[in-house]
Amino acid sequence: MASTTQHASEVPHQGPKLPVLEREALILSGRSYHWITARVCGVLENQQPLLWWLLFVPCALIAAIGVGGGLFYLVSTGVGVWGNTNRVMWGWPIVNFVFWIGIGHAGTLISAILFLTRQNWRTSINRAAEAMTIFAVMCAGIFPAFHVGRVWMAWFLAPVPNANAIWQNFKSPLLWDVFAVSTYFTVSLIFWFLGMVPDLATIRDRCRPGIRKIIYGILSLGWRGGNRQWSHYEMAYLLLAALSTPLVLSVHSVVSFDFATSVVPGWHTTIFPPYFVAGAIFGGFAMVLTIMVPARFVYGLQDLITMKHIDNMAKIILLTGTIVGYAYLMELFVAFYSGAIYEMDAFKFRIAGPYWWAYVCMMTCNVIAPQVFWSRACRENLWVVMIVAMFVNVGMWFERFVIIVTTLARSWLPGDWKTYSPTAADQILFIGTIGFFLSLFLLFLRFLPCINIAEVKWAKRESDPHHEAHLAHPDPGVVKEAAYQHELVQT
Amino acid sequence: MSTSRKRVYGYLAEFNSAAALYKAAEKVRDAGFRQWDCYSPYPIHGLDDAMGIKRSILPWFVFFGGMTGTATAFSLAYVTQVVIFPTVVQGKPANIFTIPAFFPIMFELTILFSGFTVLFGLLSLIRLPRLNHPLFASDQFQRATDDGFFIAIEARDGNFSPTATRELLAEIGGSNIELVAEEDS
């Protein structure tokens, strides 16, 4: 490697000097390895700021009342306390299930797909995004488990013979969903935990002897950071990324099969799998921004999670939001072009029926709001970024509401037609899961390394052992210009 | 002073940077050592070649783990749906031609089994978890997970010599050279 560079520098360059935009540094202010360790570990070693307690206590209370109390009331009274006692049997529980499972997808996209495509900027945000995946899937899992009606029979979902000697229907998308979601949770957990082992070792080595050192010592498995370990470890990480990439695409595709394989107008379309996957990534990135932009400020991580990261995420939101908008319009077009009167009626009802406000809300939040990200000024203004992210969070929930409720409210038999509205028990449980999600995330910030320390160190330029050789013998045909940071200074 | 015997693990030497560690690793490799390792806070790319380590065999484990998952899912679905309890639902036949409906679960279990194989395969290849290691006796070694770059050459290596190995480490740029030993119990 070094010899070829030296050889190239001996030959005088013939052609024109080409300007090349240099990749901007992902770690700002030339922070040292020790600074990175100290800053990330400081988040969990120092006393938490008052804001942490101000957020954690209410979130934990909401979780306890909403999830704990809500489920206790539901199980002790019966599923009749939910609003889905009419033809709209899927109701809020499945809206919430699809909403939460979709949130998780951005975490896997960042950790797996951006890893395979060598997008090194992911290193600063992948840990928190993966944590978000795990917690979102935990929230999602609550809903179908209790939506089965008698939750103590939920084990019927598992492929074990039951008392009636009847096996699960392996041809049903609902059973595919059980396998897809449980595999997704398990593999995401393995990925998250293995990724954290070297960082847990870093925390272990900073602890004074005591119970903390023992706990982190056990969690870090005795990691030493030898290259004979790193070599296998990196292969394991690559394999998990390669496994998670098709997995994440399959999970929301399988969720969409729950709809698409049914013979229901408005659901029975082939566009559903890609449309659901794009929507999941779209909603997930909005949630990553919603929690990372404040966390970055509170813990002073601006040199690690830079404006470049936020800019990239805003661009992904713009892209996926536009794909989702295309899917909304294509659904309408296909309904029209199919000539099927039931399809057309289903969409007329969505747009102009009693749920028109939900459709308008979905369109505004998901398609129109992200369009401001075409402007760089908007991508660099954190208030605008946060407001758009909140719009998308709301919009993606309404998308699932529109798909599920408006369709089931007008099924084949007019006798089934019904206007659905959720009950207080529905609302309390959903708000409870938001509290549950945020409490888990705050506990994660408190006890686990929220940024991948080892990978962030690796992303520093001088971490490449050949960095000095590149500096000493630059490619003679190239004039390097700093791209993004340079532009930032100018504007 | 303790009178207990100590078991020597080997020499530990610190290096300034990833580049220094890389160059030193090439020299230790060329000196013919086998039982040694480079320690760094993050994976250094290209160090495998500098150390003469072969590519990880983990993918082979995972291939067979994943195939076990595919076979498990197929058997589970086929035996229960076609052999034991043939059910005609959703207009799909109860014979081998219903296999496309089994694909999603075959895919998911392939991934699930592969994921577990990655986890347990990795742990067996890197011989973890373990509660302690002789290197943890060294105080400076704690910096290997922060900002330290180290090479440790073990005493059980055939080429190890209490004087020559120390000289080699000093010659290739190592500093803070330390003989790591653990209490023999």
# chains A, B, ... in the order shown; residues from 1 in each chain; ligands from 1
>>> closest_atom_pairs(of="chain B", to="chain A", cutoff="8 Å", atoms="only C-alpha atoms", output="Markdown table")
| residue | atom | partner | partner_atom | distance |
| --- | --- | --- | --- | --- |
| B:Ala18 | CA | A:Pro465 | CA | 5.2 |
| B:Ala19 | CA | A:Pro465 | CA | 4.0 |
| B:Ala20 | CA | A:Pro465 | CA | 7.8 |
| B:Tyr22 | CA | A:Pro465 | CA | 6.5 |
| B:Asp37 | CA | A:Gly226 | CA | 5.8 |
| B:Cys38 | CA | A:Gly226 | CA | 5.3 |
| B:Tyr39 | CA | A:Gly226 | CA | 4.2 |
| B:Ser40 | CA | A:Gly225 | CA | 5.7 |
| B:Pro41 | CA | A:Ala454 | CA | 6.2 |
| B:Tyr42 | CA | A:Ala454 | CA | 4.8 |
| B:Pro43 | CA | A:Trp230 | CA | 5.8 |
| B:Ile44 | CA | A:Asp464 | CA | 6.8 |
| B:His45 | CA | A:Asp464 | CA | 6.9 |
| B:Leu47 | CA | A:Asn227 | CA | 7.5 |
| B:Asp48 | CA | A:Ser231 | CA | 7.0 |
| B:Ile53 | CA | A:Arg228 | CA | 7.6 |
| B:Arg55 | CA | A:Ser231 | CA | 7.7 |
| B:Ser56 | CA | A:His232 | CA | 5.5 |
| B:Leu58 | CA | A:Met235 | CA | 7.1 |
| B:Pro59 | CA | A:Leu239 | CA | 7.3 |
| B:Ala77 | CA | A:Phe170 | CA | 6.0 |
| B:Thr80 | CA | A:Trp167 | CA | 6.4 |
| B:Gln81 | CA | A:Phe170 | CA | 7.2 |
| B:Phe85 | CA | A:Ile166 | CA | 7.4 |
| B:Gln90 | CA | A:Lys171 | CA | 7.9 |
| B:Ala101 | CA | A:Lys171 | CA | 5.0 |
| B:Phe102 | CA | A:Lys171 | CA | 6.3 |
| B:Pro104 | CA | A:Trp176 | CA | 6.2 |
| B:Ile105 | CA | A:Trp176 | CA | 5.8 |
| B:Glu108 | CA | A:Ala180 | CA | 5.8 |
| B:Leu109 | CA | A:Thr183 | CA | 7.3 |
| B:Ile111 | CA | A:Leu243 | CA | 6.2 |
| B:Leu112 | CA | A:Thr183 | CA | 5.5 |
| B:Ser114 | CA | A:Leu243 | CA | 7.7 |
| B:Gly115 | CA | A:Val187 | CA | 5.7 |
| B:Phe116 | CA | A:Val187 | CA | 7.8 |
| B:Val118 | CA | A:Ala236 | CA | 5.9 |
| B:Leu119 | CA | A:Ile190 | CA | 7.0 |
| B:Leu122 | CA | A:Ala236 | CA | 6.5 |
| B:Leu125 | CA | A:His232 | CA | 7.2 |
| B:Ile126 | CA | A:Gln229 | CA | 5.4 |
| B:Leu128 | CA | A:Leu221 | CA | 6.1 |
| B:Pro129 | CA | A:Leu221 | CA | 4.3 |
| B:Arg130 | CA | A:Gly222 | CA | 5.3 |
| B:Leu131 | CA | A:Gly222 | CA | 5.8 |
| B:Asn132 | CA | A:Gly222 | CA | 6.5 |
| B:His133 | CA | A:Gly222 | CA | 7.7 |
| B:Gln142 | CA | A:Asp205 | CA | 5.4 |
| B:Arg143 | CA | A:Asp205 | CA | 7.7 |
| B:Ala144 | CA | A:Gly225 | CA | 6.8 |
| B:Thr145 | CA | A:Thr202 | CA | 4.9 |
| B:Asp146 | CA | A:His34 | CA | 6.0 |
| B:Asp147 | CA | A:Tyr33 | CA | 5.4 |
>>> write_last_selection(atoms="N, CA and C atoms", output="compact mmCIF listing (two decimals), in the first residue's frame")
# COMPACT_ATOMS: atom_id res chain seq x y z
N ALA B 18 -1.50 3.96 16.19
CA ALA B 18 -1.90 2.81 15.38
C ALA B 18 -0.83 2.49 14.35
N ALA B 19 -0.22 3.56 13.76
CA ALA B 19 0.81 3.34 12.73
C ALA B 19 2.03 2.65 13.34
N ALA B 20 2.42 3.09 14.56
CA ALA B 20 3.58 2.48 15.22
C ALA B 20 3.29 1.02 15.56
N TYR B 22 1.28 -0.94 13.99
CA TYR B 22 1.24 -1.69 12.73
C TYR B 22 2.64 -2.10 12.31
N ASP B 37 -0.19 -10.94 20.70
CA ASP B 37 -1.37 -10.22 20.20
C ASP B 37 -1.14 -8.72 20.31
N CYS B 38 -1.86 -7.97 19.44
CA CYS B 38 -1.85 -6.51 19.49
C CYS B 38 -3.14 -6.05 20.14
N TYR B 39 -3.04 -5.10 21.04
CA TYR B 39 -4.24 -4.63 21.74
C TYR B 39 -4.48 -3.17 21.39
N SER B 40 -5.72 -2.86 21.02
CA SER B 40 -6.02 -1.48 20.63
C SER B 40 -7.47 -1.16 21.02
N PRO B 41 -7.78 0.13 21.20
CA PRO B 41 -9.15 0.49 21.61
C PRO B 41 -10.18 0.34 20.49
N TYR B 42 -9.74 0.17 19.27
CA TYR B 42 -10.66 -0.01 18.15
C TYR B 42 -9.99 -0.93 17.15
N PRO B 43 -10.73 -1.56 16.24
CA PRO B 43 -10.09 -2.47 15.28
C PRO B 43 -9.26 -1.68 14.28
N ILE B 44 -8.01 -2.08 14.10
CA ILE B 44 -7.12 -1.37 13.17
C ILE B 44 -7.12 -2.15 11.86
N HIS B 45 -7.51 -1.50 10.79
CA HIS B 45 -7.65 -2.22 9.53
C HIS B 45 -6.28 -2.51 8.93
N LEU B 47 -4.33 -4.75 10.17
CA LEU B 47 -3.45 -5.33 11.19
C LEU B 47 -3.41 -6.86 11.10
N ASP B 48 -4.48 -7.45 10.58
CA ASP B 48 -4.51 -8.92 10.42
C ASP B 48 -3.34 -9.37 9.54
N ILE B 53 -2.51 -13.01 10.59
CA ILE B 53 -3.70 -13.75 11.01
C ILE B 53 -4.53 -14.07 9.78
N ARG B 55 -8.06 -15.10 7.71
CA ARG B 55 -9.43 -14.62 7.74
C ARG B 55 -10.26 -15.49 8.69
N SER B 56 -11.17 -14.85 9.38
CA SER B 56 -12.00 -15.58 10.35
C SER B 56 -12.82 -16.67 9.67
N LEU B 58 -15.56 -17.77 10.92
CA LEU B 58 -16.93 -17.65 11.42
C LEU B 58 -18.00 -17.80 10.34
N PRO B 59 -17.81 -17.26 9.11
CA PRO B 59 -18.86 -17.41 8.10
C PRO B 59 -19.26 -18.86 7.84
N ALA B 77 -43.02 -26.72 9.35
CA ALA B 77 -44.22 -26.37 8.59
C ALA B 77 -44.74 -27.59 7.82
N THR B 80 -46.13 -30.53 10.17
CA THR B 80 -47.39 -30.23 10.84
C THR B 80 -48.51 -29.94 9.85
N GLN B 81 -48.22 -29.29 8.74
CA GLN B 81 -49.29 -28.88 7.83
C GLN B 81 -49.66 -29.94 6.81
N PHE B 85 -51.20 -33.13 10.19
CA PHE B 85 -52.51 -32.50 10.27
C PHE B 85 -52.79 -31.73 8.99
N GLN B 90 -57.27 -21.24 3.13
CA GLN B 90 -56.84 -20.17 2.23
C GLN B 90 -56.68 -20.67 0.80
N ALA B 101 -45.96 -20.79 0.60
CA ALA B 101 -46.53 -20.18 1.80
C ALA B 101 -45.63 -20.38 3.02
N PHE B 102 -44.66 -21.30 2.91
CA PHE B 102 -43.75 -21.52 4.04
C PHE B 102 -42.50 -20.65 3.94
N PRO B 104 -41.79 -17.38 4.04
CA PRO B 104 -41.47 -16.35 5.03
C PRO B 104 -40.90 -16.92 6.32
N ILE B 105 -41.50 -18.02 6.80
CA ILE B 105 -41.01 -18.57 8.07
C ILE B 105 -39.66 -19.25 7.87
N GLU B 108 -37.23 -16.40 8.00
CA GLU B 108 -37.03 -15.84 9.34
C GLU B 108 -36.21 -16.78 10.22
N LEU B 109 -36.49 -18.09 10.16
CA LEU B 109 -35.72 -19.00 11.02
C LEU B 109 -34.29 -19.15 10.53
N ILE B 111 -32.53 -16.67 9.42
CA ILE B 111 -31.87 -15.52 10.02
C ILE B 111 -31.70 -15.72 11.52
N LEU B 112 -32.74 -16.25 12.17
CA LEU B 112 -32.68 -16.42 13.63
C LEU B 112 -31.56 -17.38 14.02
N SER B 114 -28.98 -18.20 12.22
CA SER B 114 -27.69 -17.60 11.86
C SER B 114 -27.26 -16.61 12.92
N GLY B 115 -28.21 -15.81 13.41
CA GLY B 115 -27.90 -14.81 14.44
C GLY B 115 -27.34 -15.47 15.68
N PHE B 116 -27.98 -16.56 16.11
CA PHE B 116 -27.47 -17.26 17.30
C PHE B 116 -26.10 -17.88 17.01
N VAL B 118 -23.85 -16.70 14.99
CA VAL B 118 -22.85 -15.62 15.05
C VAL B 118 -22.46 -15.39 16.50
N LEU B 119 -23.46 -15.29 17.39
CA LEU B 119 -23.17 -14.98 18.79
C LEU B 119 -22.31 -16.09 19.42
N LEU B 122 -18.89 -16.72 17.64
CA LEU B 122 -17.90 -15.69 17.98
C LEU B 122 -17.34 -15.95 19.37
N LEU B 125 -14.90 -18.73 19.31
CA LEU B 125 -13.64 -18.42 18.61
C LEU B 125 -12.75 -17.49 19.42
N ILE B 126 -13.34 -16.52 20.11
CA ILE B 126 -12.51 -15.59 20.87
C ILE B 126 -12.37 -16.03 22.33
N LEU B 128 -14.40 -16.34 24.90
CA LEU B 128 -15.04 -15.53 25.92
C LEU B 128 -16.40 -16.17 26.17
N PRO B 129 -17.11 -15.89 27.24
CA PRO B 129 -16.70 -15.03 28.34
C PRO B 129 -15.72 -15.71 29.29
N ARG B 130 -14.87 -14.90 29.88
CA ARG B 130 -14.04 -15.38 30.99
C ARG B 130 -13.97 -14.27 32.03
N LEU B 131 -13.81 -14.70 33.28
CA LEU B 131 -13.92 -13.72 34.36
C LEU B 131 -12.62 -12.95 34.58
N ASN B 132 -11.50 -13.57 34.27
CA ASN B 132 -10.23 -12.86 34.49
C ASN B 132 -9.23 -13.26 33.41
N HIS B 133 -8.16 -12.50 33.36
CA HIS B 133 -7.11 -12.80 32.40
C HIS B 133 -5.81 -12.27 33.00
N GLN B 142 -5.11 -1.23 31.32
CA GLN B 142 -6.46 -0.66 31.32
C GLN B 142 -6.63 0.36 30.21
N ARG B 143 -5.53 0.94 29.76
CA ARG B 143 -5.65 1.95 28.70
C ARG B 143 -5.86 1.34 27.33
N ALA B 144 -5.79 0.00 27.24
CA ALA B 144 -6.03 -0.65 25.94
C ALA B 144 -7.46 -0.42 25.47
N THR B 145 -8.39 -0.16 26.38
CA THR B 145 -9.76 0.12 25.96
C THR B 145 -10.03 1.61 25.92
N ASP B 146 -8.99 2.43 26.13
CA ASP B 146 -9.18 3.88 26.10
C ASP B 146 -8.36 4.49 24.96
N ASP B 147 -7.05 4.64 25.17
CA ASP B 147 -6.23 5.22 24.09
C ASP B 147 -4.86 4.59 24.00
>>> select_by_dssp(residues="chain B", states="alpha helix (DSSP H)", output="count of residues only")
70
>>> residues_around(residues="region 72-76 of chain A", least_positions_apart="4", cutoff="12 Å", atoms="only C-alpha atoms", output="number ranges by chain")
A: 64-68, 80-83, 143, 145-152, 423-426, 428-429
>>> write_last_selection(atoms="C-alpha atoms", output="CSV table (one decimal), in the first residue's frame")
chain,number,residue,atom,x,y,z
A,64,ALA,CA,-46.6,2.5,35.2
A,65,ILE,CA,-50.2,3.9,35.0
A,66,GLY,CA,-50.6,3.5,31.2
A,67,VAL,CA,-49.0,0.1,30.6
A,68,GLY,CA,-49.2,-1.4,34.1
A,80,GLY,CA,-64.5,-5.2,25.8
A,81,VAL,CA,-63.0,-2.1,27.4
A,82,TRP,CA,-61.2,-1.4,24.1
A,83,GLY,CA,-63.0,0.4,21.3
A,143,PHE,CA,-50.4,-4.8,21.5
A,145,ALA,CA,-50.1,-10.1,22.6
A,146,PHE,CA,-53.1,-8.5,24.4
A,147,HIS,CA,-55.1,-8.1,21.2
A,148,VAL,CA,-55.5,-11.8,20.9
A,149,GLY,CA,-58.2,-11.4,23.6
A,150,ARG,CA,-57.2,-13.8,26.3
A,151,VAL,CA,-53.6,-13.0,26.8
A,152,TRP,CA,-53.0,-16.2,28.9
A,423,THR,CA,-62.1,4.4,24.3
A,424,ALA,CA,-60.2,5.8,27.3
A,425,ALA,CA,-58.6,2.4,27.8
A,426,ASP,CA,-57.2,2.5,24.3
A,428,ILE,CA,-54.3,5.3,28.2
A,429,LEU,CA,-52.4,2.3,27.0
>>> closest_residue(among="B:Met51, B:Ala24, B:Ala137, B:Ile172", to="Tyr9 (chain B)", atoms="only C-alpha atoms")
B:Ala137
>>> select_by_dssp(residues="region 15-167 of chain B", states="strand (DSSP E)", output="NGL selection string")
:B and (15 or 36-39 or 149-154)
>>> atom_distance(atom1="CA of Phe120 (chain B)", atom2="CA of Gly195 (chain A)")
14.4 Å
>>> residues_around(residues="Ala129 (chain A)", least_positions_apart="4", cutoff="12 Å", atoms="only C-alpha atoms", output="PyMOL selection string")
chain A and resi 103-112+122-125+133-136+188+191-192+281+284-292+313+441+444-445+450-452
>>> residues_around(residues="region 264-273 of chain A", least_positions_apart="3", cutoff="7 Å", atoms="only C-alpha atoms", output="list of chain:residue names")
A:His252, A:Ser253, A:Ser256, A:Phe259, A:Ala260, A:Thr261, A:Phe276, A:Val277, A:Tyr342, A:Glu343, A:Ala346, A:Phe347, A:Thr407
>>> atom_distance(atom1="CA of Ala60 (chain A)", atom2="CA of Ser439 (chain A)")
5.6 Å
>>> atom_distance(atom1="CA of Phe33 (chain B)", atom2="CA of Arg166 (chain B)")
13.2 Å
>>> residues_around(residues="Asp30 (chain B)", least_positions_apart="3", cutoff="12 Å", atoms="only C-alpha atoms", output="PDB file with C-alpha atoms, in the first residue's frame")
ATOM      1  CA  LYS B  23       4.951  -1.418  11.950  1.00  0.00           C
ATOM      2  CA  ALA B  24       5.910  -3.168  15.176  1.00  0.00           C
ATOM      3  CA  ALA B  25       3.438  -5.979  14.492  1.00  0.00           C
ATOM      4  CA  GLU B  26       5.114  -6.716  11.169  1.00  0.00           C
ATOM      5  CA  LYS B  27       8.464  -7.056  12.935  1.00  0.00           C
ATOM      6  CA  PHE B  33       6.447 -15.402  17.259  1.00  0.00           C
ATOM      7  CA  ARG B  34       3.122 -17.256  17.416  1.00  0.00           C
ATOM      8  CA  ASP B  49      -2.014  -9.011   7.538  1.00  0.00           C
ATOM      9  CA  ALA B  50       0.651  -7.277   9.596  1.00  0.00           C
ATOM     10  CA  MET B  51       0.212  -9.947  12.264  1.00  0.00           C
ATOM     11  CA  GLY B  52      -0.195 -12.831   9.816  1.00  0.00           C
ATOM     12  CA  ASN B 159      10.862 -18.057  20.777  1.00  0.00           C
ATOM     13  CA  LEU B 168      13.181  -6.795  20.534  1.00  0.00           C
ATOM     14  CA  ILE B 172      10.772  -1.838  17.497  1.00  0.00           C
TER      15      ILE B 172
END
